[in-house]
file target-v3.txt (compact mmCIF, C-alpha atoms)
# COMPACT_ATOMS: atom_id res chain seq x y z
CA MET N 1 83.97 150.80 -5.98
CA SER N 2 83.15 148.13 -8.44
CA MET N 3 86.18 145.87 -8.06
CA PHE N 4 85.55 145.22 -4.37
CA SER N 5 82.63 142.99 -5.21
CA ILE N 6 85.10 140.59 -6.84
CA PHE N 7 86.08 139.52 -3.33
CA ASN N 8 82.48 138.61 -2.57
CA VAL N 9 82.09 136.69 -5.80
CA SER N 10 85.35 134.76 -5.55
CA GLY N 11 84.86 134.28 -1.82
CA SER N 12 81.52 132.60 -2.46
CA ALA N 13 83.16 130.41 -5.09
CA ILE N 14 85.94 129.15 -2.84
CA SER N 15 83.46 128.51 -0.07
CA ALA N 16 81.30 126.44 -2.44
CA GLN N 17 84.31 124.52 -3.78
CA SER N 18 85.51 123.73 -0.28
CA GLN N 19 82.07 122.32 0.57
CA ARG N 20 82.39 120.20 -2.55
CA LEU N 21 85.80 118.96 -1.35
CA ASN N 22 84.25 118.22 2.03
CA VAL N 23 81.61 116.05 0.39
CA VAL N 24 84.26 114.27 -1.68
CA ALA N 25 86.23 113.54 1.49
CA SER N 26 83.11 112.14 3.18
CA ASN N 27 82.43 109.93 0.20
CA LEU N 28 85.95 108.58 0.07
CA ALA N 29 86.02 107.98 3.82
CA ASN N 30 82.82 105.95 3.61
CA ALA N 31 83.61 104.11 0.40
CA ASP N 32 84.16 100.77 2.11
CA ALA N 33 81.60 101.10 4.86
CA VAL N 34 79.19 98.20 5.08
CA ALA N 35 75.50 98.52 5.69
CA GLY N 36 74.23 98.33 9.22
CA PRO N 37 71.54 95.91 10.38
CA ASP N 38 68.88 98.04 8.69
CA GLY N 39 70.36 97.26 5.29
CA GLN N 40 70.91 100.91 4.37
CA GLY N 41 74.40 101.40 3.02
CA TYR N 42 76.19 104.72 2.57
CA LYS N 43 74.93 106.52 -0.53
CA GLY N 44 77.40 108.83 -2.25
CA ARG N 45 76.60 112.55 -1.94
CA GLN N 46 77.00 115.37 -4.44
CA VAL N 47 76.71 119.12 -4.04
CA VAL N 48 74.33 121.10 -6.24
CA PHE N 49 75.59 124.54 -7.27
CA GLU N 50 73.37 127.53 -7.90
CA THR N 51 74.13 131.03 -9.17
CA VAL N 52 73.49 133.88 -6.72
CA PRO N 53 73.16 137.44 -8.08
CA MET N 54 75.32 139.78 -6.05
CA GLY N 55 73.95 143.24 -6.48
CA SER N 56 74.21 143.86 -10.19
CA ASP N 57 74.18 142.13 -13.52
CA ALA N 58 77.92 141.96 -13.67
CA SER N 59 78.41 140.09 -10.39
CA ALA N 60 77.15 136.55 -9.97
CA GLY N 61 78.35 134.43 -7.08
CA VAL N 62 77.74 130.77 -6.47
CA ARG N 63 76.34 128.83 -3.54
CA VAL N 64 75.54 125.27 -2.61
CA SER N 65 71.79 124.95 -2.89
CA GLY N 66 71.64 121.42 -1.56
CA ILE N 67 73.30 118.07 -1.21
CA SER N 68 71.80 115.23 -3.19
CA GLU N 69 72.29 111.54 -2.60
CA SER N 70 73.13 109.25 -5.44
CA ASN N 71 70.58 106.61 -6.37
CA GLU N 72 72.99 104.15 -7.89
CA PRO N 73 72.50 100.57 -6.70
CA LEU N 74 74.55 99.64 -3.65
CA ARG N 75 77.46 97.29 -4.21
CA LYS N 76 76.89 93.76 -3.00
CA VAL N 77 79.90 91.56 -2.29
CA HIS N 78 79.62 87.85 -1.70
CA ASN N 79 81.27 87.15 1.65
CA PRO N 80 79.37 84.62 3.80
CA SER N 81 81.89 84.73 6.66
CA HIS N 82 81.40 88.47 7.24
CA PRO N 83 79.49 89.28 10.44
CA SER N 84 77.07 91.54 8.54
CA ALA N 85 76.35 89.07 5.73
CA ASP N 86 72.67 88.61 5.00
CA ALA N 87 70.85 85.32 4.47
CA ASP N 88 72.35 84.82 0.97
CA GLY N 89 75.88 85.61 2.12
CA TYR N 90 76.01 89.07 0.51
CA VAL N 91 77.44 92.11 2.26
CA THR N 92 75.98 95.47 1.18
CA GLN N 93 78.56 98.20 0.75
CA SER N 94 78.35 101.82 -0.38
CA ASN N 95 77.71 102.98 -3.94
CA VAL N 96 80.71 105.32 -4.03
CA ASN N 97 83.05 105.07 -7.03
CA PRO N 98 86.49 106.15 -5.75
CA ILE N 99 87.77 107.01 -9.24
CA GLU N 100 84.90 109.41 -9.89
CA GLU N 101 85.51 110.99 -6.51
CA MET N 102 89.20 111.52 -7.28
CA VAL N 103 88.32 113.23 -10.57
CA ASN N 104 85.80 115.36 -8.71
CA MET N 105 88.48 116.30 -6.19
CA ILE N 106 90.91 117.36 -8.94
CA SER N 107 88.24 119.49 -10.60
CA ALA N 108 87.24 121.11 -7.31
CA SER N 109 90.83 121.94 -6.39
CA ARG N 110 91.48 123.46 -9.85
CA SER N 111 88.44 125.70 -9.47
CA TYR N 112 89.55 126.65 -5.97
CA GLN N 113 93.00 127.65 -7.22
CA ASN N 114 91.55 129.66 -10.10
CA ASN N 115 89.36 131.65 -7.77
CA VAL N 116 92.19 132.31 -5.34
CA GLU N 117 94.21 133.64 -8.23
CA VAL N 118 91.34 135.92 -9.26
CA MET N 119 91.27 137.36 -5.74
CA ASN N 120 95.03 137.89 -5.67
CA THR N 121 95.00 139.69 -9.01
CA ALA N 122 92.09 141.90 -7.95
CA LYS N 123 93.89 142.75 -4.72
CA THR N 124 97.07 143.70 -6.60
CA LEU N 125 95.16 145.91 -9.02
CA LEU N 126 93.27 147.65 -6.24
CA LEU N 127 96.49 148.32 -4.32
CA LYS N 128 98.02 149.84 -7.45
CA THR N 129 94.92 151.96 -7.94
CA LEU N 130 95.39 153.31 -4.43
CA GLN N 131 98.83 154.52 -5.45
CA MET N 132 97.54 156.40 -8.46
CA GLY N 133 98.99 159.87 -8.80
CA GLN N 134 101.73 159.40 -6.24
CA MET Y 1 90.04 175.87 -20.40
CA ILE Y 2 90.28 173.40 -17.58
CA THR Y 3 88.16 170.94 -19.57
CA ASN Y 4 90.71 171.01 -22.39
CA MET Y 5 93.41 170.07 -19.95
CA THR Y 6 91.45 167.36 -18.18
CA SER Y 7 89.63 165.81 -21.13
CA GLY Y 8 92.42 163.30 -21.60
CA LEU Y 9 92.17 162.35 -17.95
CA ASP Y 10 88.40 162.08 -18.25
CA PHE Y 11 88.67 159.58 -21.10
CA GLN Y 12 91.12 157.40 -19.19
CA ALA Y 13 88.98 157.59 -16.05
CA LYS Y 14 85.99 156.22 -17.96
CA ALA Y 15 88.18 153.49 -19.39
CA LEU Y 16 89.29 152.56 -15.87
CA VAL Y 17 85.71 152.23 -14.62
CA LEU Y 18 84.80 150.04 -17.56
CA ARG Y 19 87.87 147.87 -17.14
CA ALA Y 20 86.92 147.33 -13.49
CA GLU Y 21 83.41 146.33 -14.52
CA ARG Y 22 84.75 143.88 -17.08
CA GLN Y 23 87.00 142.44 -14.37
CA ARG Y 24 83.90 141.79 -12.28
CA VAL Y 25 82.09 140.07 -15.12
CA ILE Y 26 85.03 137.77 -15.84
CA ALA Y 27 85.46 137.00 -12.14
CA SER Y 28 81.79 135.99 -11.99
CA ASN Y 29 82.33 133.68 -14.95
CA ILE Y 30 85.29 132.01 -13.27
CA ALA Y 31 83.37 131.66 -10.01
CA ASN Y 32 80.50 129.94 -11.81
CA ALA Y 33 82.63 127.62 -13.92
CA ASP Y 34 80.98 124.55 -12.39
CA THR Y 35 77.41 125.76 -11.99
CA PRO Y 36 74.96 123.91 -14.24
CA GLY Y 37 72.87 126.16 -16.44
CA TYR Y 38 75.07 129.24 -16.07
CA VAL Y 39 75.67 131.23 -19.28
CA ALA Y 40 78.93 133.13 -19.49
CA ARG Y 41 78.70 136.93 -19.95
CA ASP Y 42 81.20 139.42 -21.22
CA LEU Y 43 81.42 143.17 -21.54
CA ASN Y 44 81.76 144.57 -25.04
CA PHE Y 45 84.43 147.09 -24.12
CA LYS Y 46 84.54 148.95 -27.41
CA ASP Y 47 80.80 149.63 -27.46
CA ALA Y 48 80.75 150.51 -23.79
CA MET Y 49 83.50 153.11 -24.33
CA LEU Y 50 81.68 154.50 -27.37
CA GLN Y 51 78.56 154.88 -25.29
CA ALA Y 52 80.40 156.48 -22.40
CA THR Y 53 82.34 158.98 -24.46
CA GLY Y 54 79.44 159.78 -26.77
CA ALA Y 55 77.21 160.66 -23.82
CA GLY Y 56 77.67 164.39 -24.15
CA SER Y 57 76.93 164.70 -27.85
CA SER Y 58 73.99 162.35 -28.48
CA SER Y 59 70.33 163.30 -28.17
CA GLY Y 60 70.02 161.14 -25.06
CA LEU Y 61 68.17 158.26 -26.73
CA ARG Y 62 69.87 154.94 -26.18
CA THR Y 63 69.30 151.44 -27.36
CA GLY Y 64 70.38 148.18 -25.80
CA ASN Y 65 71.52 146.87 -29.18
CA SER Y 66 75.28 147.04 -29.48
CA ASN Y 67 75.41 146.03 -33.15
CA SER Y 68 74.53 149.36 -34.76
CA PRO Y 69 77.23 150.31 -37.26
CA GLY Y 70 77.58 153.92 -36.20
CA GLY Y 71 78.28 153.20 -32.56
CA ALA Y 72 75.65 152.77 -29.90
CA THR Y 73 74.09 156.22 -29.76
CA ASN Y 74 70.80 155.99 -31.63
CA GLY Y 75 69.35 152.90 -33.23
CA MET Y 76 66.06 154.32 -34.45
CA THR Y 77 65.34 154.83 -38.11
CA HIS Y 78 62.45 157.29 -37.73
CA PRO Y 79 62.15 160.09 -35.18
CA ASN Y 80 58.66 158.97 -34.14
CA HIS Y 81 59.78 155.48 -33.15
CA ILE Y 82 60.19 154.71 -29.49
CA ALA Y 83 63.78 153.96 -28.57
CA LEU Y 84 64.60 150.63 -26.96
CA SER Y 85 65.95 151.00 -23.47
CA GLY Y 86 68.47 148.67 -21.93
CA SER Y 87 67.06 146.46 -19.18
CA THR Y 88 69.93 147.23 -16.82
CA SER Y 89 72.27 150.14 -16.56
CA GLY Y 90 76.03 149.90 -16.71
CA SER Y 91 78.39 151.57 -14.27
CA LEU Y 92 78.55 154.80 -16.24
CA GLY Y 93 74.79 155.21 -16.52
CA GLY Y 94 74.37 154.05 -20.10
CA SER Y 95 72.43 150.97 -21.09
CA SER Y 96 74.28 147.82 -20.24
CA PRO Y 97 76.38 146.36 -23.06
CA LEU Y 98 76.68 142.99 -21.33
CA ALA Y 99 76.69 140.34 -24.00
CA TYR Y 100 76.87 136.56 -23.99
CA THR Y 101 80.13 134.84 -24.89
CA VAL Y 102 80.28 132.57 -27.91
CA GLN Y 103 80.03 128.98 -26.73
CA SER Y 104 83.08 126.95 -27.69
CA GLN Y 105 82.35 123.59 -26.06
CA PRO Y 106 78.68 123.10 -25.27
CA SER Y 107 78.30 120.91 -22.24
CA LEU Y 108 75.46 118.67 -21.16
CA ASP Y 109 74.65 120.57 -17.99
CA GLY Y 110 74.12 123.88 -19.78
CA ASN Y 111 77.26 125.56 -18.45
CA SER Y 112 78.89 127.67 -21.16
CA VAL Y 113 82.03 128.90 -19.37
CA ASP Y 114 85.30 128.18 -21.20
CA LEU Y 115 87.71 128.38 -18.26
CA ASP Y 116 90.88 128.76 -20.33
CA ARG Y 117 89.46 131.63 -22.30
CA GLU Y 118 88.17 133.30 -19.14
CA ARG Y 119 91.61 133.01 -17.52
CA ALA Y 120 93.22 134.55 -20.61
CA ASN Y 121 90.65 137.36 -20.69
CA PHE Y 122 91.17 138.02 -17.00
CA THR Y 123 94.93 138.38 -17.39
CA ASP Y 124 94.53 140.51 -20.51
CA ASN Y 125 92.06 142.80 -18.77
CA ALA Y 126 94.30 143.08 -15.71
CA VAL Y 127 97.24 144.21 -17.83
CA ARG Y 128 95.11 146.76 -19.65
CA TYR Y 129 93.80 148.03 -16.32
CA GLU Y 130 97.37 148.61 -15.19
CA ALA Y 131 98.16 150.28 -18.50
CA THR Y 132 95.22 152.66 -18.00
CA LEU Y 133 96.49 153.40 -14.49
CA ARG Y 134 99.90 154.29 -15.87
CA PHE Y 135 98.40 156.53 -18.55
CA ILE Y 136 96.46 158.38 -15.86
CA ASN Y 137 99.58 158.73 -13.74
CA GLY Y 138 101.60 160.00 -16.70
CA GLU Y 139 99.00 162.55 -17.71
CA SER Y 140 98.48 163.86 -14.22
CA LYS Y 141 102.25 164.19 -13.71
CA THR Y 142 102.51 166.07 -17.01
CA LEU Y 143 99.75 168.43 -15.93
CA LEU Y 144 101.37 168.98 -12.55
CA SER Y 145 104.76 169.75 -14.04
CA ALA Y 146 103.14 172.15 -16.50
CA ILE Y 147 101.36 173.90 -13.62
CA GLN Y 148 104.54 174.09 -11.62
CA GLY Y 149 106.32 175.52 -14.63
CA GLN Y 150 109.26 173.10 -14.81

call {"tool": "encode", "arguments": {"input": "target-v3.txt", "output": "structure tokens"}}
result
Amino acid sequence: MSMFSIFNVSGSAISAQSQRLNVVASNLANADAVAGPDGQGYKGRQVVFETVPMGSDASAGVRVSGISESNEPLRKVHNPSHPSADADGYVTQSNVNPIEEMVNMISASRSYQNNVEVMNTAKTLLLKTLQMGQ
Amino acid sequence: MITNMTSGLDFQAKALVLRAERQRVIASNIANADTPGYVARDLNFKDAMLQATGAGSSSGLRTGNSNSPGGATNGMTHPNHIALSGSTSGSLGGSSPLAYTVQSQPSLDGNSVDLDRERANFTDNAVRYEATLRFINGESKTLLSAIQGQ
């Protein structure tokens, strides 16, 4: 039955969007983390989406093909009294931009809601199809 | 004589299968709304129905081109030409009339899905699917009451 594959497609989409939300949450949690003694601060992460064919031309799901780290320069804040300040008095923080992450979160949650609605509509239509002729 | 009675049902049944396939295509578009490089597809419903209902009367040669003016039965101009075959087959066995949607807002990452239009198409297709279901129900009830003689 062709409409059943909609659950696979939309299921893959909400799984991918929830991984994206997970990454956004990690970024926001580590936005103010300072670099350890090795000097490596937290680099913001992004998910990379990829289309997955699901059986036929008409069905294409989505999956997370990898998580990439951002190569933006780490933020340096001048704070000589901080315990992790280096020789020049700079503290290295993460390169996460909280405003970008909030926008990312809004976009991910909109996509998630859209796909949930697709699944609900498909379920309703299939249930009505089951009652055909009665 | 049975085919006369059930031909109406047959037409609606084909329409139902095609509506379900279109639902799948639109759901795939919505699922891939954020994927870079994804091109949005759509099902040309009119041409798909023409292909499906013209299956019994054509000579069996199909093309993948859905722009022929006389429907999608035979796109060749000379009988000795070799007909083009569709690269994939649709749900009803004809060549696939999957087309690409017209891009409204080209984006830098190559994604061509217009989410608002896909949502509208999804709702529209869902309503038409229900309408087809009701037509089938109505016709089968009419047939049953005719058989029962009421």

call {"tool": "closest_atom_pairs", "arguments": {"input": "target-v3.txt", "of": "chain N", "to": "chain Y", "cutoff": "7 Å", "atoms": "only C-alpha atoms", "output": "CSV"}}
result
residue,atom,partner,partner_atom,distance
N:Ser2,CA,Y:Glu21,CA,6.3
N:Met3,CA,Y:Ala20,CA,5.7
N:Ile6,CA,Y:Arg24,CA,5.7
N:Val9,CA,Y:Ser28,CA,6.2
N:Ser10,CA,Y:Ala31,CA,5.8
N:Ala13,CA,Y:Ala31,CA,5.1
N:Phe49,CA,Y:Thr35,CA,5.2
N:Glu50,CA,Y:Thr35,CA,6.0
N:Thr51,CA,Y:Thr35,CA,6.8
N:Ala58,CA,Y:Val25,CA,4.8
N:Ser59,CA,Y:Ser28,CA,5.5
N:Ala60,CA,Y:Ser28,CA,5.1
N:Gly61,CA,Y:Ser28,CA,6.2
N:Val62,CA,Y:Asn32,CA,6.1
N:Asn115,CA,Y:Ala31,CA,6.4
N:Val118,CA,Y:Ala27,CA,6.6
N:Thr129,CA,Y:Leu133,CA,6.9
N:Met132,CA,Y:Asn137,CA,6.1
N:Gly133,CA,Y:Asn137,CA,5.1

call {"tool": "residues_around", "arguments": {"input": "target-v3.txt", "residues": "stretch 17-26 of chain N", "least_positions_apart": "6", "cutoff": "6 Å", "atoms": "only C-alpha atoms", "output": "list in words"}}
result
Val47, Glu101 and Ala108 of chain N

call {"tool": "write_last_selection", "arguments": {"input": "target-v3.txt", "atoms": "C-alpha atoms", "output": "tab-separated table (two decimals), keeping the file's coordinate frame"}}
result
chain	number	residue	atom	x	y	z
N	47	VAL	CA	76.71	119.12	-4.04
N	101	GLU	CA	85.51	110.99	-6.51
N	108	ALA	CA	87.24	121.11	-7.31

call {"tool": "residues_around", "arguments": {"input": "target-v3.txt", "residues": "stretch 34-37 of chain N", "least_positions_apart": "3", "cutoff": "9 Å", "atoms": "all atoms listed in the file", "output": "count of residues only"}}
result
10

call {"tool": "atom_distance", "arguments": {"input": "target-v3.txt", "atom1": "atom CA of Y:Ala15", "atom2": "atom CA of N:Leu126"}}
result
15.3 Å

call {"tool": "closest_residue", "arguments": {"input": "target-v3.txt", "among": "Y:Val113, Y:Ala13, Y:Leu50, Y:Ala40", "to": "Y:Pro97", "atoms": "only C-alpha atoms"}}
result
Y:Leu50

call {"tool": "atom_distance", "arguments": {"input": "target-v3.txt", "atom1": "atom CA of Y:Gly8", "atom2": "atom CA of N:Leu130"}}
result
20.1 Å

call {"tool": "closest_residue", "arguments": {"input": "target-v3.txt", "among": "N:Val96, N:Leu127, N:Met119, N:Ser107", "to": "N:Leu28", "atoms": "only C-alpha atoms"}}
result
N:Val96

call {"tool": "atom_distance", "arguments": {"input": "target-v3.txt", "atom1": "atom CA of Y:Phe135", "atom2": "atom CA of Y:Gly54"}}
result
20.9 Å

call {"tool": "residues_near_point", "arguments": {"input": "target-v3.txt", "point": "(74.5, 106.2, -1.9)", "cutoff": "6 Å", "atoms": "all atoms listed in the file", "output": "list in words"}}
result
Tyr42, Lys43, Gly44, Glu69, Ser70, Asn71 and Asn95 of chain N

call {"tool": "residues_around", "arguments": {"input": "target-v3.txt", "residues": "N:Ser81", "least_positions_apart": "5", "cutoff": "12 Å", "atoms": "all atoms listed in the file", "output": "ChimeraX atom specification"}}
result
/N:86-91

call {"tool": "write_last_selection", "arguments": {"input": "target-v3.txt", "atoms": "C-alpha atoms", "output": "PDB file, in the coordinates of the input"}}
result
ATOM      1  CA  ASP N  86      72.670  88.610   5.000  1.00  0.00           C
ATOM      2  CA  ALA N  87      70.850  85.320   4.470  1.00  0.00           C
ATOM      3  CA  ASP N  88      72.350  84.820   0.970  1.00  0.00           C
ATOM      4  CA  GLY N  89      75.880  85.610   2.120  1.00  0.00           C
ATOM      5  CA  TYR N  90      76.010  89.070   0.510  1.00  0.00           C
ATOM      6  CA  VAL N  91      77.440  92.110   2.260  1.00  0.00           C
TER       7      VAL N  91
END

call {"tool": "build_atoms", "arguments": {"input": "target-v3.txt", "residues": "stretch 8-33 of chain Y", "atoms": "N, CA and C atoms", "output": "PDB file, keeping the file's coordinate frame"}}
result
ATOM      1  N   GLY Y   8      91.676 164.554 -21.460  1.00  0.00           N
ATOM      2  CA  GLY Y   8      92.420 163.300 -21.600  1.00  0.00           C
ATOM      3  C   GLY Y   8      92.269 162.433 -20.368  1.00  0.00           C
ATOM      4  N   LEU Y   9      92.347 163.100 -19.189  1.00  0.00           N
ATOM      5  CA  LEU Y   9      92.170 162.350 -17.950  1.00  0.00           C
ATOM      6  C   LEU Y   9      90.778 161.766 -17.864  1.00  0.00           C
ATOM      7  N   ASP Y  10      89.777 162.526 -18.332  1.00  0.00           N
ATOM      8  CA  ASP Y  10      88.400 162.080 -18.250  1.00  0.00           C
ATOM      9  C   ASP Y  10      88.201 160.786 -19.035  1.00  0.00           C
ATOM     10  N   PHE Y  11      88.791 160.764 -20.251  1.00  0.00           N
ATOM     11  CA  PHE Y  11      88.670 159.580 -21.100  1.00  0.00           C
ATOM     12  C   PHE Y  11      89.270 158.369 -20.406  1.00  0.00           C
ATOM     13  N   GLN Y  12      90.478 158.547 -19.836  1.00  0.00           N
ATOM     14  CA  GLN Y  12      91.120 157.400 -19.190  1.00  0.00           C
ATOM     15  C   GLN Y  12      90.357 156.978 -17.942  1.00  0.00           C
ATOM     16  N   ALA Y  13      89.740 157.948 -17.249  1.00  0.00           N
ATOM     17  CA  ALA Y  13      88.980 157.590 -16.050  1.00  0.00           C
ATOM     18  C   ALA Y  13      87.792 156.715 -16.414  1.00  0.00           C
ATOM     19  N   LYS Y  14      87.120 157.060 -17.523  1.00  0.00           N
ATOM     20  CA  LYS Y  14      85.990 156.220 -17.960  1.00  0.00           C
ATOM     21  C   LYS Y  14      86.476 154.834 -18.330  1.00  0.00           C
ATOM     22  N   ALA Y  15      87.636 154.800 -19.015  1.00  0.00           N
ATOM     23  CA  ALA Y  15      88.180 153.490 -19.390  1.00  0.00           C
ATOM     24  C   ALA Y  15      88.464 152.652 -18.155  1.00  0.00           C
ATOM     25  N   LEU Y  16      88.961 153.308 -17.091  1.00  0.00           N
ATOM     26  CA  LEU Y  16      89.290 152.560 -15.870  1.00  0.00           C
ATOM     27  C   LEU Y  16      88.033 151.961 -15.249  1.00  0.00           C
ATOM     28  N   VAL Y  17      86.956 152.746 -15.208  1.00  0.00           N
ATOM     29  CA  VAL Y  17      85.710 152.230 -14.620  1.00  0.00           C
ATOM     30  C   VAL Y  17      85.203 151.035 -15.414  1.00  0.00           C
ATOM     31  N   LEU Y  18      85.294 151.147 -16.749  1.00  0.00           N
ATOM     32  CA  LEU Y  18      84.800 150.040 -17.560  1.00  0.00           C
ATOM     33  C   LEU Y  18      85.671 148.808 -17.441  1.00  0.00           C
ATOM     34  N   ARG Y  19      86.980 149.019 -17.310  1.00  0.00           N
ATOM     35  CA  ARG Y  19      87.870 147.870 -17.140  1.00  0.00           C
ATOM     36  C   ARG Y  19      87.543 147.167 -15.826  1.00  0.00           C
ATOM     37  N   ALA Y  20      87.258 147.949 -14.769  1.00  0.00           N
ATOM     38  CA  ALA Y  20      86.920 147.330 -13.490  1.00  0.00           C
ATOM     39  C   ALA Y  20      85.627 146.531 -13.616  1.00  0.00           C
ATOM     40  N   GLU Y  21      84.663 147.060 -14.361  1.00  0.00           N
ATOM     41  CA  GLU Y  21      83.410 146.330 -14.520  1.00  0.00           C
ATOM     42  C   GLU Y  21      83.634 145.037 -15.290  1.00  0.00           C
ATOM     43  N   ARG Y  22      84.471 145.097 -16.313  1.00  0.00           N
ATOM     44  CA  ARG Y  22      84.750 143.880 -17.080  1.00  0.00           C
ATOM     45  C   ARG Y  22      85.460 142.854 -16.191  1.00  0.00           C
ATOM     46  N   GLN Y  23      86.312 143.353 -15.290  1.00  0.00           N
ATOM     47  CA  GLN Y  23      87.000 142.440 -14.370  1.00  0.00           C
ATOM     48  C   GLN Y  23      85.969 141.700 -13.521  1.00  0.00           C
ATOM     49  N   ARG Y  24      84.934 142.423 -13.090  1.00  0.00           N
ATOM     50  CA  ARG Y  24      83.900 141.790 -12.280  1.00  0.00           C
ATOM     51  C   ARG Y  24      83.174 140.720 -13.045  1.00  0.00           C
ATOM     52  N   VAL Y  25      82.842 141.031 -14.317  1.00  0.00           N
ATOM     53  CA  VAL Y  25      82.090 140.070 -15.120  1.00  0.00           C
ATOM     54  C   VAL Y  25      82.897 138.799 -15.306  1.00  0.00           C
ATOM     55  N   ILE Y  26      84.206 138.963 -15.619  1.00  0.00           N
ATOM     56  CA  ILE Y  26      85.030 137.770 -15.840  1.00  0.00           C
ATOM     57  C   ILE Y  26      85.205 136.994 -14.545  1.00  0.00           C
ATOM     58  N   ALA Y  27      85.331 137.696 -13.425  1.00  0.00           N
ATOM     59  CA  ALA Y  27      85.460 137.000 -12.140  1.00  0.00           C
ATOM     60  C   ALA Y  27      84.197 136.199 -11.847  1.00  0.00           C
ATOM     61  N   SER Y  28      83.028 136.750 -12.188  1.00  0.00           N
ATOM     62  CA  SER Y  28      81.790 135.990 -11.990  1.00  0.00           C
ATOM     63  C   SER Y  28      81.774 134.750 -12.850  1.00  0.00           C
ATOM     64  N   ASN Y  29      82.277 134.866 -14.087  1.00  0.00           N
ATOM     65  CA  ASN Y  29      82.330 133.680 -14.950  1.00  0.00           C
ATOM     66  C   ASN Y  29      83.201 132.607 -14.351  1.00  0.00           C
ATOM     67  N   ILE Y  30      84.378 132.999 -13.835  1.00  0.00           N
ATOM     68  CA  ILE Y  30      85.290 132.010 -13.270  1.00  0.00           C
ATOM     69  C   ILE Y  30      84.681 131.383 -12.026  1.00  0.00           C
ATOM     70  N   ALA Y  31      83.978 132.206 -11.233  1.00  0.00           N
ATOM     71  CA  ALA Y  31      83.370 131.660 -10.010  1.00  0.00           C
ATOM     72  C   ALA Y  31      82.302 130.641 -10.340  1.00  0.00           C
ATOM     73  N   ASN Y  32      81.593 130.832 -11.453  1.00  0.00           N
ATOM     74  CA  ASN Y  32      80.500 129.940 -11.810  1.00  0.00           C
ATOM     75  C   ASN Y  32      80.899 128.928 -12.855  1.00  0.00           C
ATOM     76  N   ALA Y  33      82.170 128.534 -12.878  1.00  0.00           N
ATOM     77  CA  ALA Y  33      82.630 127.620 -13.920  1.00  0.00           C
ATOM     78  C   ALA Y  33      82.009 126.242 -13.770  1.00  0.00           C
TER      79      ALA Y  33
END
